[in-house]
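Visitor: One structure is given below, represented as structure tokens, and several questions about it will come after.
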Amino acid sequence: MEQQLFIYNTLTRKKELFKPLNAPLVGMYVCGPTLYSDVHIGNCRTFTSFDVMYRYLLHIGYKVRYVRNITDVGHLVDEVAGEGEDRIARQARLKQLEPMEIVQRYAFGFREVMALLNLLPPSIEPTASGHIPEQIEMTQKIIDKGFAYEKDGNVYFDVEKFAKSNNYGILSGRNLDDQMNNTRELDGQEEKKGRLDFALWKKAKPEHIMRWNSPWGTGFPGWHIECSAMSQKYLGDTFDIHGGGMDLIPTHHTNEIAQSVGCCDAAPVNYWIHTNMLTLNGQKMSRSLGNVFLPVELFSGMKLAADSPSATPSQAKLDGKHPLFEKAYDPMVVRFFMMQTHYSSTLDFSNDALQAAEKGYNRLAESMKKVSSLSPSAQSTSDIKKLRQQCYEAMNDDFNTPILLSNLFEAARIVNSVYDGKETLTAADIEAVKKLFSDFVVDVLGLKAEAENSGKQMEVLDKVVHMVLDMRAEAKQKKDFAASDAIRDKLIAAGVAIKDTKEGSTWNLQ
RNA sequence: GGUCCUGUGGCCGAGUGGCUAGGCUCAGCUCUGCAAAAGCUGCUACAGCGGUUCGAAUCCGCUCGGGACCUCCA
């Protein structure tokens, strides 16, 4: 590979040169959503961050197998106690639906939101319920290795035993004694030998709908085992990158490592990447805290109606203005907003920040449109090659999108200055800038060029508006400013914003 | 209580032991019948107090503030 990519590895707490096991192939696994309710914007942030990493790896020439799972079984309401209901089964009961109906509904909404945010689909999107045999097999192997025990139809991972020969806290940096002693009182522990032990397989109660046969009776898999089983199936015993939100480090990912090592004696992952949280007024957005808002609300500026059948953007029923948002924000503005912050920092949501992002994004988008209309000169006043190099350097430094953006804004500045005749670019450099934008803004950052006004209706509207603008221009020429201003005001009132430029007036929908 | 992260100009937000990220706001200018829009230029900040250093916002210590994890959470 031409580019030397450095990645911050949670495992070593250092930035490391990225060396795939089998270049140019790269295996990447990201923990996906649990589909017991709608994804919120915090979830989206994580997936968007990994989307940019995926895009950049592709851009610099890797062939990436990107696996992002869908959890549709086994995620308990009270994971540590090993009790409580399965989250999806619980929703099914509450809504009187089949569990698969719950999963189907939220999966549909999830994919629609991902598409609106312009995320590339993963190579494989495996579901936990579709990989029950694999999970049973892995559980059996862990039992055979002596790291798990069965009790009354439940199978638990024996953390203390594992920790004797392995570093259980290798990822979180916590030592076992701290974890054993500094935990609050918990219920429902009686079956487990150790308090840190976690379920690989759970016995299904009679009323439990989601159930499968296993060597230990009828039941369902634990939450952590699905990722170990599926990543191993599609990416191998050891693969390159595993990612997720940083809240998964101490429990989910720690247990994944334990399972994989316990099963196969191999560290499953070379590079662990964790994204930081999205906050609202400085506090983490999470389903359990209840301070979540939904993508459809952000994109519409409206509140989801209490009786909305779904929060899927295309199906949602909205009800009045959302108290948090001053206006609707385009998904690309939201994506741009996320790109302004490094994935490893918390990202705080506010109207002010969003509006600043909207303006910045529009400025970038405008200058991208201008590139095509630049006139070439014999010489360039800027070093586009160097600028391109700086863009790579930014991304090579642990996917530093804020720095990348600052370089892209420098490109925008150059374009605008050339457009104003204050600086010059050769024909080759104009092409180079065009390529820079399409490579980094569109391909890597995934900021989709604004959809051109298209379709029959827009075509007609465009002609009509231009007719009116011609009339206004005529009035202006006759110095009949009362008439020209009246036309302007009425167009604005109708939702048509106009821009007067040297070359005449342009318009767009407001 | 334990573990860890963090504190940057009016706001958001990168980064580095010395070489003024960037965006938004604001101001000036250009354009313009006016306005809007757009563009260009300008605005030298790093919580406080000590220490290390030729030199620290960047390293170390303390103090104060914010947050995360230790239950599920992207």
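Each chain in the structure tokens gets a letter, A, B and so on, in the order shown; residues start at 1 in every chain, and ligands are counted from 1 in the order they appear.
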If we count only C-alpha atoms (C1' of nucleotides), what is near A:Lys422 at a cut-off of 12 Å, once residues fewer than 4 positions away on the same chain are taken out, given as a list of chain:residue names?
Guide: A:Ser377, A:Ser380, A:Thr381, A:Ser382, A:Arg413, A:Ile414, A:Val415, A:Asn416, A:Ser417, A:Val418, B:U30, B:G39, B:C40
Visitor: From a DSSP calculation on the backbone, collect every residue of stretch 292-326 of chain A in strand (DSSP E or B) and output the set as a list in words.
Guide: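 Written out, the strand (DSSP E or B) residues of stretch 292-326 of chain A are Met302, Lys303, Leu304, Leu318, Asp319, Gly320 and Lys321 of chain A.
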Visitor: Could you give me, as a list in words, the residues within 9 Å of A:Ile7, counting only C-alpha atoms (C1' of nucleotides) and dropping anything in the same chain fewer than 2 positions from it?
Guide: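 Non-adjacent residues within range: Leu5, Asn9, Lys14, Lys15, Glu16, Leu17, Phe18, Tyr271, Ile273, Asn396, Asp397, Asp398 and Phe399 of chain A.
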Visitor: Report as a list in words the set of chain B residues whose atoms approach chain A to within 7 Å, with distances computed over only C-alpha atoms (C1' of nucleotides).
Guide: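 Residues passing the distance filter: G2, U3, C12, G13, A14, A21, G22, G23, C24, A37, G39, C70, U71, C72, C73 and A74 of chain B.
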Visitor: Convert the current residue selection to file output with C-alpha atoms (C1' of nucleotides), as a tab-separated table (two decimals), in the first residue's frame.
Guide:
```tsv
chain	number	residue	atom	x	y	z
B	2	G	C1'	-12.58	2.48	42.41
B	3	U	C1'	-10.58	3.01	37.24
B	12	C	C1'	-18.00	24.43	17.88
B	13	G	C1'	-13.55	21.90	17.33
B	14	A	C1'	-8.14	19.86	15.69
B	21	A	C1'	-5.71	24.01	11.98
B	22	G	C1'	-10.49	24.69	10.30
B	23	G	C1'	-15.83	25.92	10.65
B	24	C	C1'	-19.54	29.39	12.74
B	37	A	C1'	-26.60	35.84	-1.03
B	39	G	C1'	-16.38	36.21	-1.97
B	70	C	C1'	-17.47	-0.10	37.19
B	71	U	C1'	-25.60	-2.90	35.63
B	72	C	C1'	-27.68	-2.63	29.84
B	73	C	C1'	-26.17	0.94	26.24
B	74	A	C1'	-23.05	2.62	19.84
```
Visitor: Hey, can you check how far atom CA of A:Ile209 sits from atom CA of A:Met100?
Guide: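 Computing the Euclidean distance for atom CA of A:Ile209 and atom CA of A:Met100 yields 10.4 Å.
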Visitor: When you look at stretch 51-61 of chain A with a cut-off of 6 Å (counting only C-alpha atoms (C1' of nucleotides)), what residues show up, excluding the ones that are within fewer than 2 positions of it in the same chain? I need them as a ChimeraX atom specification.
Guide: /A:48-49,119,444-445
Visitor: Report, in Å to a single decimal, how far apart atom CA of A:Arg68 and atom CA of A:Lys19 are.
Guide: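 So the two atoms, atom CA of A:Lys19 and atom CA of A:Arg68, lie 21.3 Å apart.
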Visitor: How many Å lie between atom CA of A:Glu112 and atom CA of A:Asn281, rounded to one decimal?
Guide: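 Atom CA of A:Asn281 lies 27.1 Å from atom CA of A:Glu112.
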Visitor: Near stretch 46-50 of chain B, within 7 Å and counting only C-alpha atoms (C1' of nucleotides), which residues show up once chain neighbours fewer than 5 positions away are dropped, as a PyMOL selection string?
Guide: chain B and resi 7-8+57
Visitor: Write down as number ranges by chain the residues belonging to stretch 101-204 of chain A that are assigned helix (DSSP H, G or I) by DSSP computed on the backbone.
Guide: A: 101-116, 129-144, 159-165, 176-181
Visitor: So that I can see what lies close to stretch 252-259 of chain A, please list as a PyMOL selection string the residues with an atom at most 7 Å from it, counting only C-alpha atoms (C1' of nucleotides) and leaving out residues fewer than 6 positions away in the same chain.
Guide: chain A and resi 168-169+171+224-225+228+267-268
Visitor: For A:Gln379, which of A:Ile136, A:Ile241, A:Val67, A:Ala428 is the closest residue, counting only C-alpha atoms?
Guide: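 Looking only at the distances to A:Gln379, the closest residue turns out to be A:Ala428.
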